[in-house]
Amino acid sequence: MTYCCGILVRDGLVMIADTRTNAGLDNISTFRKLHVFQKPGERVMALASAGNLSITQSVLGFLHEGLPNEETGELETILNAPTMFQAAQRVGRAIREVRRIDGPGLEEDGIKFEASFLFGGQIKGRSLRLFMVYAAGNYIECTVDTPYLQIGEHKYGKPILDRAIKFDTNLNDALKIGLVSMDSTMRSNLGVGMPIDIAVMPRGDAFLQTHYRIEPGEPYFHDLRERWSAALRKAHMDIPPPPYSGSNVVK
């Protein structure tokens, strides 16, 4: 399994991804799922992937090497796309090309074509944007009303984001809340695990502020996990017992 989330707030973009892959209980590996593309000061983009590893790596290969434009013959990559919208279209096109090449063989072996991506970033002079691209190559865009997107095993981390993330959330708080969301997912699903990759992009400057891998035992993340668990226990204890249970039932 996988868990990746992207959080787009007023001050910038946070993207977080785990690195665990598994093909059964005895075949667990670590693979990078958060990839950065950048020309510092001109453009910075990050792509997080979930799904069949062979499919997502093939898509990544096309995005690096490019797909030819049928009219001009030019190789189109996300690093030469004129806008984030067109870059997201190229991610979708790469997915469809992998499906065209590998889809029939996968289907013949009874393997479902599964892949999804979070794609976010900024081109200088244009808006910071975040997209979720589906296995069909179509996509949706993050909005002010719901300033985050998730792929993979998202259900355990979603309640944290629903309660805590708003568009005007501070960028550092967005990163912290995203890490709590990741921790909550890892607590409930052994298919999601460390190391954790993070990327932080401030709005407006087209550069990467943070690109960091959190390894097992990393002091800040360990402290965050302990503090969050303690805070939940305290909140539980501080809430009065229900008046309609046990000896508190009013007759």
# chains A, B, ... in the order shown; residues from 1 in each chain; ligands from 1
>>> residues_around(residues="A:Ile16", least_positions_apart="3", cutoff="6 Å", atoms="only C-alpha atoms", output="PyMOL selection string")
chain A and resi 4-5+197-198
>>> residues_around(residues="stretch 63-66 of chain A", least_positions_apart="2", cutoff="8 Å", atoms="only C-alpha atoms", output="list in words")
Val59, Leu60, Gly61, Pro68, Leu75, Glu76, Thr77, Ile78, Arg90, Val91 and Ala94 of chain A
>>> residues_around(residues="stretch 114-126 of chain A", least_positions_apart="4", cutoff="6 Å", atoms="only C-alpha atoms", output="short mmCIF file (atom, residue, chain, number, x, y, z; two decimals) with N, CA and C atoms, in the first residue's frame")
data_model
loop_
_atom_site.label_atom_id
_atom_site.label_comp_id
_atom_site.auth_asym_id
_atom_site.auth_seq_id
_atom_site.Cartn_x
_atom_site.Cartn_y
_atom_site.Cartn_z
N GLU A 42 12.98 29.00 -11.92
CA GLU A 42 12.12 29.00 -13.11
C GLU A 42 10.88 28.14 -12.90
N ARG A 43 11.08 26.95 -12.36
CA ARG A 43 9.95 26.05 -12.09
C ARG A 43 10.36 24.99 -11.08
N VAL A 44 9.39 24.57 -10.30
CA VAL A 44 9.60 23.44 -9.38
C VAL A 44 8.30 22.64 -9.33
N MET A 45 8.42 21.32 -9.43
CA MET A 45 7.26 20.44 -9.47
C MET A 45 7.57 19.17 -8.68
N ALA A 46 6.56 18.58 -8.11
CA ALA A 46 6.72 17.31 -7.39
C ALA A 46 5.61 16.37 -7.81
N LEU A 47 5.97 15.10 -7.94
CA LEU A 47 5.03 14.07 -8.37
C LEU A 47 5.07 12.93 -7.35
N ALA A 48 3.93 12.62 -6.75
CA ALA A 48 3.81 11.50 -5.82
C ALA A 48 2.95 10.43 -6.47
N SER A 49 3.32 9.16 -6.26
CA SER A 49 2.64 8.08 -6.98
C SER A 49 2.12 7.00 -6.03
N ALA A 50 1.02 6.38 -6.46
CA ALA A 50 0.46 5.23 -5.75
C ALA A 50 -0.04 4.23 -6.79
N GLY A 51 0.00 2.96 -6.42
CA GLY A 51 -0.50 1.94 -7.34
C GLY A 51 0.59 0.94 -7.71
N ASN A 52 0.38 0.25 -8.81
CA ASN A 52 1.33 -0.75 -9.29
C ASN A 52 2.67 -0.09 -9.58
N LEU A 130 -2.08 22.26 -7.61
CA LEU A 130 -1.99 20.86 -7.19
C LEU A 130 -3.10 20.08 -7.87
N PHE A 131 -2.72 18.95 -8.50
CA PHE A 131 -3.66 18.10 -9.23
C PHE A 131 -3.58 16.66 -8.72
N MET A 132 -4.69 15.95 -8.85
CA MET A 132 -4.70 14.50 -8.67
C MET A 132 -5.04 13.89 -10.01
N VAL A 133 -4.15 13.01 -10.51
CA VAL A 133 -4.32 12.41 -11.84
C VAL A 133 -4.66 10.93 -11.66
N TYR A 134 -5.75 10.52 -12.29
CA TYR A 134 -6.26 9.16 -12.13
C TYR A 134 -5.66 8.20 -13.15
N ALA A 135 -5.98 6.90 -13.00
CA ALA A 135 -5.44 5.87 -13.88
C ALA A 135 -5.89 6.04 -15.32
N ALA A 206 8.88 29.82 -7.00
CA ALA A 206 9.27 28.70 -7.85
C ALA A 206 10.57 28.04 -7.39
#
>>> select_by_dssp(residues="stretch 75-251 of chain A", states="helix (DSSP H, G or I)", output="ChimeraX atom specification")
/A:84-108,158-164,171-188,219-238,246-248
>>> closest_residue(among="A:Asn189, A:Ser127, A:Ser58, A:Thr72", to="A:Met84", atoms="only C-alpha atoms")
A:Ser127
